[in-house]
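K.L.:
Quick one, my_file.cif (mmCIF, C-alpha atoms):
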```
data_upload
#
loop_
_atom_site.label_atom_id
_atom_site.label_comp_id
_atom_site.auth_asym_id
_atom_site.auth_seq_id
_atom_site.Cartn_x
_atom_site.Cartn_y
_atom_site.Cartn_z
CA MET K 155 0.00 0.00 0.00
CA TYR K 156 1.31 3.47 -0.90
CA THR K 157 0.42 7.10 -0.20
CA ILE K 158 1.30 9.74 -2.80
CA ILE K 159 1.33 13.54 -2.93
CA GLY K 160 -0.55 14.76 -5.99
CA SER K 161 0.39 17.78 -8.07
CA ASP K 162 -2.16 19.75 -6.00
CA GLY K 163 -0.09 19.12 -2.86
CA LYS K 164 -2.72 16.87 -1.27
CA GLN K 165 -2.13 13.34 -0.02
CA TYR K 166 -3.84 10.44 -1.78
CA GLY K 167 -4.05 6.93 -0.45
CA PRO K 168 -3.06 4.58 0.93
CA VAL K 169 -3.79 2.70 -2.28
CA THR K 170 -2.61 -0.58 -3.75
CA ALA K 171 0.28 -0.86 -6.22
CA GLU K 172 -2.34 -1.88 -8.79
CA GLN K 173 -4.20 1.43 -8.32
CA LEU K 174 -0.91 3.34 -8.57
CA ARG K 175 -0.14 1.67 -11.91
CA GLN K 176 -3.52 2.82 -13.13
CA TRP K 177 -2.76 6.40 -11.99
CA ILE K 178 0.62 6.31 -13.75
CA LYS K 179 -1.12 5.18 -16.96
CA GLU K 180 -3.64 8.01 -16.62
CA GLY K 181 -0.85 10.50 -16.07
CA ARG K 182 -2.00 11.38 -12.56
CA ALA K 183 1.34 10.26 -11.10
CA SER K 184 4.86 10.39 -12.54
CA ALA K 185 8.31 9.05 -11.63
CA HIS K 186 8.85 12.25 -9.65
CA THR K 187 5.69 11.96 -7.54
CA GLN K 188 6.54 11.82 -3.84
CA THR K 189 5.48 8.42 -2.51
CA ARG K 190 5.53 6.75 0.88
CA ALA K 191 5.19 3.00 1.35
CA GLU K 192 2.92 1.94 4.20
CA GLY K 193 4.86 1.89 7.45
CA ALA K 194 7.82 3.76 5.96
CA ALA K 195 8.92 7.04 7.54
CA THR K 196 10.32 8.80 4.47
CA TRP K 197 8.97 10.01 1.14
CA GLN K 198 10.69 9.00 -2.09
CA PRO K 199 10.08 9.50 -5.81
CA LEU K 200 7.65 6.97 -7.27
CA GLY K 201 10.25 5.99 -9.87
CA SER K 202 12.62 4.70 -7.21
CA ILE K 203 10.21 2.06 -5.89
CA PRO K 204 11.25 -1.32 -7.33
CA GLU K 205 7.73 -2.74 -7.45
CA LEU K 206 6.59 0.12 -9.68
CA ALA K 207 9.75 0.90 -11.63
CA SER K 208 8.54 -1.32 -14.48
CA CYS K 209 5.75 1.18 -15.20
CA PHE K 210 8.33 3.72 -16.32
CA GLY K 211 9.94 1.26 -18.75
CA ALA K 212 13.71 1.19 -19.13
CA VAL K 213 13.97 4.90 -18.46
CA PRO K 214 15.72 5.49 -15.13
CA ALA K 215 13.78 7.58 -12.68
CA PRO K 216 15.78 10.85 -12.70
CA SER K 217 15.53 11.29 -16.48
CA ALA K 218 11.97 10.05 -16.81
CA PRO K 219 9.83 12.39 -18.92
CA PRO K 220 7.43 14.48 -16.89
CA ALA K 221 4.32 12.49 -17.74
CA ALA K 222 2.02 14.69 -15.70
CA PRO K 223 2.39 18.38 -14.93
CA THR K 224 3.62 17.30 -11.52
CA ALA K 225 6.80 19.34 -11.40
CA PRO K 226 6.64 23.08 -11.93
CA THR K 227 9.94 24.46 -13.25
CA SER K 228 10.70 26.27 -10.02
CA GLY K 229 9.60 25.93 -6.42
CA GLY K 230 10.22 22.21 -6.06
CA PRO K 231 8.33 19.22 -7.32
CA VAL K 232 5.53 19.41 -4.78
CA ARG K 233 3.40 22.33 -3.75
CA ILE K 234 2.36 22.44 -0.13
CA PRO K 235 0.11 25.31 0.93
CA SER K 236 2.19 27.37 3.36
CA TYR K 237 -0.82 29.29 4.80
CA LEU K 238 1.55 32.24 5.27
CA PRO K 239 -0.77 34.91 3.76
CA GLN K 240 -3.74 33.47 5.65
CA ALA K 241 -1.72 33.42 8.89
CA ILE K 242 -0.64 37.07 8.49
CA LEU K 243 -4.18 38.15 7.59
CA VAL K 244 -5.77 36.45 10.62
CA THR K 245 -3.05 37.96 12.84
CA LEU K 246 -3.91 41.42 11.56
CA CYS K 247 -7.67 41.09 11.39
CA CYS K 248 -8.88 38.38 13.78
CA CYS K 249 -6.73 37.40 16.69
CA PRO K 250 -3.08 38.39 17.16
CA LEU K 251 -2.33 35.70 19.75
CA PHE K 252 -3.26 32.60 17.80
CA GLY K 253 -2.32 34.31 14.54
CA ILE K 254 1.29 34.54 15.70
CA LEU K 255 1.30 30.77 16.33
CA ALA K 256 -0.12 30.24 12.84
CA MET K 257 2.60 32.47 11.34
CA PHE K 258 5.30 30.58 13.24
CA TYR K 259 4.25 27.24 11.72
CA ALA K 260 3.46 28.69 8.28
CA ALA K 261 6.95 30.19 8.06
CA GLN K 262 8.55 26.77 8.51
CA VAL K 263 6.91 25.22 5.43
CA ASN K 264 9.12 26.70 2.70
CA GLY K 265 12.38 26.03 4.53
CA LYS K 266 11.49 22.39 5.16
CA LEU K 267 10.34 22.00 1.57
CA LEU K 268 13.62 23.43 0.30
CA ALA K 269 15.55 21.01 2.54
CA GLY K 270 13.63 18.11 1.00
CA ASN K 271 11.68 17.40 4.17
CA VAL K 272 8.28 16.97 2.50
CA ALA K 273 6.63 15.16 5.42
CA GLY K 274 7.81 17.86 7.86
CA ALA K 275 6.57 20.61 5.55
CA MET K 276 3.16 18.94 5.33
CA GLU K 277 3.01 18.68 9.11
CA SER K 278 3.86 22.39 9.57
CA SER K 279 1.35 23.30 6.86
CA HIS K 280 -1.34 21.30 8.63
CA THR K 281 -0.57 22.84 12.04
CA ALA K 282 -0.54 26.33 10.50
CA LYS K 283 -3.94 25.66 8.91
CA THR K 284 -5.37 24.53 12.26
CA TRP K 285 -4.14 27.67 14.07
CA CYS K 286 -5.44 29.88 11.24
CA TRP K 287 -8.92 28.41 11.74
CA ILE K 288 -8.70 28.71 15.53
CA ALA K 289 -7.65 32.37 15.22
CA PHE K 290 -10.43 33.01 12.69
CA GLY K 291 -12.96 31.24 14.91
CA PHE K 292 -11.91 33.31 17.93
CA GLY K 293 -12.17 36.53 15.95
CA LEU K 294 -15.60 35.58 14.65
CA ALA K 295 -16.82 34.46 18.09
CA PHE K 296 -15.70 37.74 19.71
CA TYR K 297 -17.23 39.73 16.87
CA ILE K 298 -20.59 38.00 17.35
CA MET K 299 -20.28 38.45 21.11
CA ILE K 300 -19.58 42.18 20.86
CA VAL K 301 -21.99 43.01 18.06
CA VAL K 302 -24.95 40.74 18.86
CA ILE K 303 -24.85 39.21 22.34
CA TRP K 304 -23.43 42.16 24.32
CA PRO K 305 -25.98 44.76 23.13
CA LEU K 306 -28.80 42.30 23.83
CA LEU K 307 -27.44 41.61 27.33
CA SER K 308 -27.02 45.27 28.18
CA LEU K 309 -30.54 45.88 26.88
CA PHE K 310 -31.90 43.47 29.51
CA LEU K 311 -29.44 44.21 32.29
CA GLY K 312 -29.36 47.96 31.81
CA LYS K 313 -27.12 49.66 34.36
CA ALA K 314 -25.84 46.35 35.75
CA CYS K 315 -23.58 46.10 32.71
CA ILE K 316 -20.25 47.66 33.71
CA PHE K 317 -17.94 46.78 30.87
CA ARG K 318 -18.94 48.53 27.67
CA PHE K 319 -17.37 48.19 24.27
CA MET V 95 -18.35 23.01 -10.39
CA THR V 96 -15.97 21.03 -8.20
CA ARG V 97 -15.91 21.39 -4.43
CA ASN V 98 -12.61 23.26 -4.70
CA GLN V 99 -14.14 25.84 -7.06
CA GLN V 100 -17.18 26.19 -4.79
CA ILE V 101 -14.88 27.03 -1.86
CA GLY V 102 -13.03 29.55 -4.05
CA VAL V 103 -16.24 31.30 -5.10
CA GLY V 104 -17.55 31.22 -1.52
CA VAL V 105 -14.39 32.76 -0.06
CA THR V 106 -14.27 35.44 -2.79
CA LEU V 107 -17.90 36.43 -2.18
CA GLY V 108 -17.34 36.47 1.59
CA VAL V 109 -14.30 38.73 1.32
CA MET V 110 -16.13 41.04 -1.10
CA ALA V 111 -19.11 41.25 1.28
CA LEU V 112 -16.81 42.15 4.19
CA LEU V 113 -14.97 44.76 2.11
CA GLY V 114 -18.31 46.17 0.98
CA MET V 115 -19.42 46.48 4.60
CA VAL V 116 -16.18 48.24 5.59
CA PHE V 117 -16.55 50.53 2.54
CA VAL V 118 -20.09 51.61 3.41
CA ILE V 119 -19.77 51.90 7.21
CA ASN V 120 -17.40 54.38 8.82
CA PRO V 121 -15.84 52.29 11.63
CA VAL V 122 -15.48 55.24 14.02
CA ASN V 123 -18.09 54.84 16.80
CA ASN V 124 -20.14 52.36 14.82
CA PRO V 125 -21.48 49.40 16.83
CA LEU V 126 -21.28 47.10 13.79
CA LEU V 127 -17.49 47.50 13.49
CA PRO V 128 -16.20 47.33 17.07
CA PRO V 129 -12.66 48.38 18.05
CA CYS V 130 -9.85 45.86 18.58
CA LEU V 131 -10.61 43.66 21.58
CA PHE V 132 -6.90 43.21 22.33
CA HIS V 133 -6.52 46.99 22.68
CA ARG V 134 -9.65 47.22 24.85
CA LEU V 135 -8.36 44.59 27.26
CA THR V 136 -4.63 45.43 27.41
CA GLY V 137 -4.39 49.06 26.30
CA LEU V 138 -1.62 47.99 23.91
CA TYR V 139 -1.74 48.26 20.12
CA CYS V 140 -1.59 44.95 18.27
CA PRO V 141 -0.18 44.80 14.70
CA GLY V 142 -3.76 44.85 13.39
CA CYS V 143 -5.12 47.78 15.44
CA GLY V 144 -6.57 50.43 13.15
CA SER V 145 -6.85 48.06 10.20
CA THR V 146 -10.64 48.43 9.84
CA ARG V 147 -10.32 52.23 9.60
CA ALA V 148 -7.27 51.85 7.32
CA ILE V 149 -9.19 49.56 4.93
CA HIS V 150 -12.17 51.94 5.03
CA HIS V 151 -9.97 54.86 3.96
CA LEU V 152 -8.03 52.77 1.44
CA LEU V 153 -11.28 51.71 -0.24
CA HIS V 154 -12.22 55.39 -0.47
CA GLY V 155 -8.89 56.15 -2.12
CA GLN V 156 -7.43 58.04 0.85
CA TRP V 157 -4.20 56.09 0.99
CA GLN V 158 -2.25 58.62 3.09
CA GLU V 159 -4.84 58.37 5.86
CA ALA V 160 -4.81 54.55 5.52
CA LEU V 161 -1.00 54.50 5.84
CA ARG V 162 -1.17 56.65 8.96
CA LEU V 163 -3.73 54.35 10.63
CA ASN V 164 -2.07 51.03 9.83
CA ALA V 165 0.84 51.03 7.39
CA LEU V 166 1.25 47.27 7.59
CA VAL V 167 -2.30 46.38 6.51
CA THR V 168 -2.30 49.11 3.86
CA ILE V 169 0.84 47.73 2.19
CA LEU V 170 0.78 44.02 3.01
CA GLY V 171 -2.98 43.44 2.79
CA PRO V 172 -3.40 44.09 -0.96
CA LEU V 173 -0.13 42.22 -1.69
CA LEU V 174 -1.20 39.11 0.23
CA VAL V 175 -4.75 39.05 -1.13
CA GLY V 176 -3.38 39.60 -4.66
CA GLY V 177 -0.82 36.84 -4.10
CA LEU V 178 -3.51 34.40 -2.98
CA ALA V 179 -5.63 35.22 -6.03
CA TRP V 180 -2.62 34.89 -8.34
CA GLU V 181 -1.65 31.56 -6.75
CA ARG V 182 -5.12 30.21 -7.39
CA LEU V 183 -5.59 31.60 -10.89
CA SER V 184 -2.16 30.52 -12.15
CA ARG V 185 -2.53 26.97 -10.83
CA ARG V 186 -3.43 25.45 -14.20
CA SER V 187 -1.34 27.83 -16.28
CA VAL V 188 2.02 27.12 -17.93
CA ARG V 189 3.94 28.87 -15.16
CA PRO V 190 2.14 28.27 -11.89
CA TRP V 191 3.17 30.51 -9.01
CA SER V 192 2.75 29.72 -5.35
CA PHE V 193 3.84 31.11 -1.99
CA ASN V 194 6.15 28.06 -1.78
CA GLN V 195 8.48 29.89 -4.17
CA LEU V 196 9.22 32.61 -1.63
CA SER V 197 12.61 32.00 -0.02
CA PRO V 198 12.54 30.97 3.66
CA THR V 199 14.54 34.11 4.49
CA LEU V 200 11.86 36.34 2.97
CA VAL V 201 9.14 34.38 4.76
CA TRP V 202 10.79 34.80 8.18
CA ALA V 203 11.50 38.46 7.37
CA LEU V 204 7.75 38.99 6.73
CA VAL V 205 6.86 37.36 10.06
CA GLY V 206 9.54 39.48 11.75
CA VAL V 207 8.14 42.69 10.22
CA VAL V 208 4.65 41.91 11.53
CA LEU V 209 5.94 41.22 15.07
CA LEU V 210 8.28 44.23 15.02
CA PHE V 211 5.45 46.51 13.86
CA GLY V 212 3.38 45.34 16.84
CA ILE V 213 6.23 46.16 19.24
CA VAL V 214 7.42 49.44 17.73
CA ARG V 215 4.03 51.15 17.66
CA ASN V 216 3.76 50.75 21.44
CA ILE V 217 6.96 52.73 22.15
CA PRO V 218 5.69 56.00 23.63
CA CYS V 219 8.09 58.51 22.06
CA TYR V 220 8.28 60.60 18.91
CA PRO V 221 8.99 58.74 15.67
CA PHE V 222 7.11 55.66 16.87
CA THR V 223 4.00 57.53 18.00
CA LEU V 224 3.35 58.21 14.30
CA LEU V 225 2.33 54.55 14.05
CA VAL V 226 -0.40 54.85 16.70
CA PRO V 227 -3.75 54.45 14.95
#
```
Would you mind writing the file's structure down as C-alpha cells?
P.N.:
Amino acid sequence: MYTIIGSDGKQYGPVTAEQLRQWIKEGRASAHTQTRAEGAATWQPLGSIPELASCFGAVPAPSAPPAAPTAPTSGGPVRIPSYLPQAILVTLCCCPLFGILAMFYAAQVNGKLLAGNVAGAMESSHTAKTWCWIAFGFGLAFYIMIVVIWPLLSLFLGKACIFRF
Amino acid sequence: MTRNQQIGVGVTLGVMALLGMVFVINPVNNPLLPPCLFHRLTGLYCPGCGSTRAIHHLLHGQWQEALRLNALVTILGPLLVGGLAWERLSRRSVRPWSFNQLSPTLVWALVGVVLLFGIVRNIPCYPFTLLVP
C-alpha cells in the first residue's frame, strides 16, 4: 500500500500498487511523484520504488519524462500550501495571539520543503492551517459576542452592565 | 463546479461582502465594526489595530490616511490578497506561481516585520507615536 502527494499538494491513499499503476497510466502520477510505502517514515520518488519501476519502462527515474504536470519548473516538485498569507491576515484582522502561532508554523513550510523534508513541511502546513482556523474562529466568536450578544445583554441588564465596548 | 471551485467562489464572495461592509460603514463609533478587543483589554496596540479604519480609507482612495492608521495592513494586505488570487488563478497555467516559491529568508522576514510593527508602535516617544492608529 502506498500514499502519494498529488500535483495539487494533497495526499492520496493509501492505495494498492495496482491502483498506482492505473494512476501512472492516466498521467496522474509520474516518476517524480513523492510516494511513501505503508509503514515507511520517508517520502521518495515513485520511480525509485522497485515494485513500480517497471511502469516507467527502461527509463531510469531521474531522467523520466514528466508524464504529468507534476513538477513546476521552479519551487520544487511538490506544492504544499504554506498558509503564510492566511496566517498574516488572521493575525492582523482576527486574533493576534493565535495568529502569531499560525505564522510561526506557516513560516517553517518553505524552509522544510527546500531542505527536501516533505513530510515535515506537510506537518507544519497542517498545524498552521489549524491555528489559522482557531484564530479566525476566535475573531468571529468575539465579533458576534460584541456586536450581537453584548448589546442584547445590556438591553436586559441595563445599568448592571459595567464593561462597555 | 468542483468542491474546490465552490470554496473559491464562496471565499471570494465572503471577502467582497466584508470589504463592501467596511466601505459603506465608517468604523469610528459604529457598533457594527467594534474596536480591537486586544486593545480594549490590554491598552496595547496589536499589529492589526486600526486596520478596519485603514481599509475603510483605502477603499475610499485616501491612501495617506490609511498609511497613517495602519501602514502594515495598507501595504501588506493588498499584496497578500493579490498573491492568494494569483496563486489560485495561475494553478493550471504554464507557469504556476505559489507562496512556496518565496525563499525561507523572505518568509521569516515577513513574520519578523509583523511582530516588530506590533512592538514598535507601542513605544511612547516621537517617531514611533506616528504609528499609533
K.L.:
Once you count only C-alpha atoms, what closest atom pair and distance in Å to one decimal does each residue of chain V within 8 Å of chain K have, with rows by chain and rising residue number, as a Markdown table?
P.N.:
```
| residue | atom | partner | partner_atom | distance |
| --- | --- | --- | --- | --- |
| V:Pro125 | CA | K:Val301 | CA | 6.5 |
| V:Leu126 | CA | K:Val301 | CA | 6.0 |
| V:Leu127 | CA | K:Val301 | CA | 7.8 |
| V:Pro128 | CA | K:Ile300 | CA | 7.2 |
| V:Pro129 | CA | K:Phe319 | CA | 7.8 |
| V:Arg134 | CA | K:Phe319 | CA | 7.8 |
| V:Cys140 | CA | K:Pro250 | CA | 6.8 |
| V:Pro141 | CA | K:Leu246 | CA | 5.9 |
| V:Gly142 | CA | K:Leu246 | CA | 3.9 |
| V:Cys143 | CA | K:Leu246 | CA | 7.5 |
| V:Ser145 | CA | K:Cys247 | CA | 7.1 |
| V:Val167 | CA | K:Leu246 | CA | 7.3 |
| V:Gly171 | CA | K:Leu243 | CA | 7.2 |
| V:Leu174 | CA | K:Pro239 | CA | 5.5 |
| V:Val175 | CA | K:Pro239 | CA | 7.5 |
| V:Leu178 | CA | K:Pro239 | CA | 7.3 |
| V:Arg189 | CA | K:Pro226 | CA | 7.2 |
| V:Pro190 | CA | K:Pro226 | CA | 6.9 |
| V:Ser192 | CA | K:Arg233 | CA | 7.6 |
| V:Phe193 | CA | K:Ser236 | CA | 6.7 |
| V:Asn194 | CA | K:Asn264 | CA | 5.5 |
| V:Gln195 | CA | K:Gly229 | CA | 4.7 |
| V:Leu196 | CA | K:Asn264 | CA | 7.3 |
| V:Ser197 | CA | K:Asn264 | CA | 6.9 |
| V:Pro198 | CA | K:Gly265 | CA | 5.0 |
| V:Val201 | CA | K:Ala261 | CA | 5.8 |
| V:Trp202 | CA | K:Ala261 | CA | 6.0 |
| V:Val205 | CA | K:Met257 | CA | 6.6 |
| V:Val208 | CA | K:Ile242 | CA | 7.8 |
```
K.L.:
Give me, as an mmCIF file with C-alpha atoms, in the coordinates of the input, all polymer residues having an atom no more than 9 Å from range 191-193 of chain K, counting only C-alpha atoms and skipping those fewer than 6 positions away in the same chain.
P.N.:
```
data_model
loop_
_atom_site.group_PDB
_atom_site.id
_atom_site.type_symbol
_atom_site.label_atom_id
_atom_site.label_comp_id
_atom_site.auth_asym_id
_atom_site.auth_seq_id
_atom_site.Cartn_x
_atom_site.Cartn_y
_atom_site.Cartn_z
ATOM 1 C CA MET K 155 0.000 0.000 0.000
ATOM 2 C CA TYR K 156 1.310 3.470 -0.900
ATOM 3 C CA THR K 157 0.420 7.100 -0.200
ATOM 4 C CA ILE K 158 1.300 9.740 -2.800
ATOM 5 C CA PRO K 168 -3.060 4.580 0.930
ATOM 6 C CA ILE K 203 10.210 2.060 -5.890
#
```
K.L.:
Which residues match the PyMOL selection byres ((chain V and resi 116) around 10) in the file above, as an MDAnalysis selection string?
P.N.:
chainID V and resid 110:115 117:121 126:127 146:151 153
K.L.:
Using CA of Pro199 in chain K and CA of Gly270 in chain K as the two end points, give the distance in Å to one decimal.
P.N.:
11.5 Å
K.L.:
Interatomic distance between CA of Cys209 in chain K and CA of Arg186 in chain V?
P.N.:
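CA of Cys209 in chain K sits 26.0 Å away from CA of Arg186 in chain V.
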K.L.:
As an exercise, work out the distance from CA of Gly102 in chain V to CA of Leu170 in chain V in Å and give it to one decimal place.
P.N.:
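Atom-to-atom, CA of Gly102 in chain V to CA of Leu170 in chain V, that is 21.2 Å.
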K.L.:
Do you know which residues are at most 7 Å from range 212-218 of chain V counting only C-alpha atoms, after dropping those on the same chain fewer than 3 positions away, and could you put them as a PyMOL selection string?
P.N.:
chain V and resi 138-141+208-209+222-223+225-226
K.L.:
Please write the residues from the selection above to a file, keeping C-alpha atoms, as a PDB file, keeping the file's coordinate frame.
P.N.:
```pdb
ATOM      1  CA  LEU V 138      -1.620  47.990  23.910  1.00  0.00           C
ATOM      2  CA  TYR V 139      -1.740  48.260  20.120  1.00  0.00           C
ATOM      3  CA  CYS V 140      -1.590  44.950  18.270  1.00  0.00           C
ATOM      4  CA  PRO V 141      -0.180  44.800  14.700  1.00  0.00           C
ATOM      5  CA  VAL V 208       4.650  41.910  11.530  1.00  0.00           C
ATOM      6  CA  LEU V 209       5.940  41.220  15.070  1.00  0.00           C
ATOM      7  CA  PHE V 222       7.110  55.660  16.870  1.00  0.00           C
ATOM      8  CA  THR V 223       4.000  57.530  18.000  1.00  0.00           C
ATOM      9  CA  LEU V 225       2.330  54.550  14.050  1.00  0.00           C
ATOM     10  CA  VAL V 226      -0.400  54.850  16.700  1.00  0.00           C
TER      11      VAL V 226
END
```
K.L.:
Given the choices V:Leu183, V:Leu135, V:Leu152, V:Leu166, which gets closest to Gln99 in chain V if the distance is worked out from only C-alpha atoms?
P.N.:
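Among V:Leu183, V:Leu135, V:Leu152, V:Leu166, it is V:Leu183 that comes nearest to Gln99 in chain V.
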K.L.:
Using all atoms listed in the file and a cutoff of 8 Å, can you tell me which residues are near (6.9, 5.8, -8.2) in the file's coordinates, and write them out as a list in words?
P.N.:
Ala183, Ser184, Ala185, His186, Thr187, Gln188, Thr189, Gln198, Pro199, Leu200, Gly201, Ser202, Ile203, Leu206 and Ala207 of chain K
K.L.:
Using all atoms listed in the file, find the one residue out of V:Leu210, V:Trp191, V:Leu131, V:Pro227 that sits nearest to Leu294 in chain K.
P.N.:
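Ranking V:Leu210, V:Trp191, V:Leu131, V:Pro227 by distance to Leu294 in chain K, first place goes to V:Leu131.
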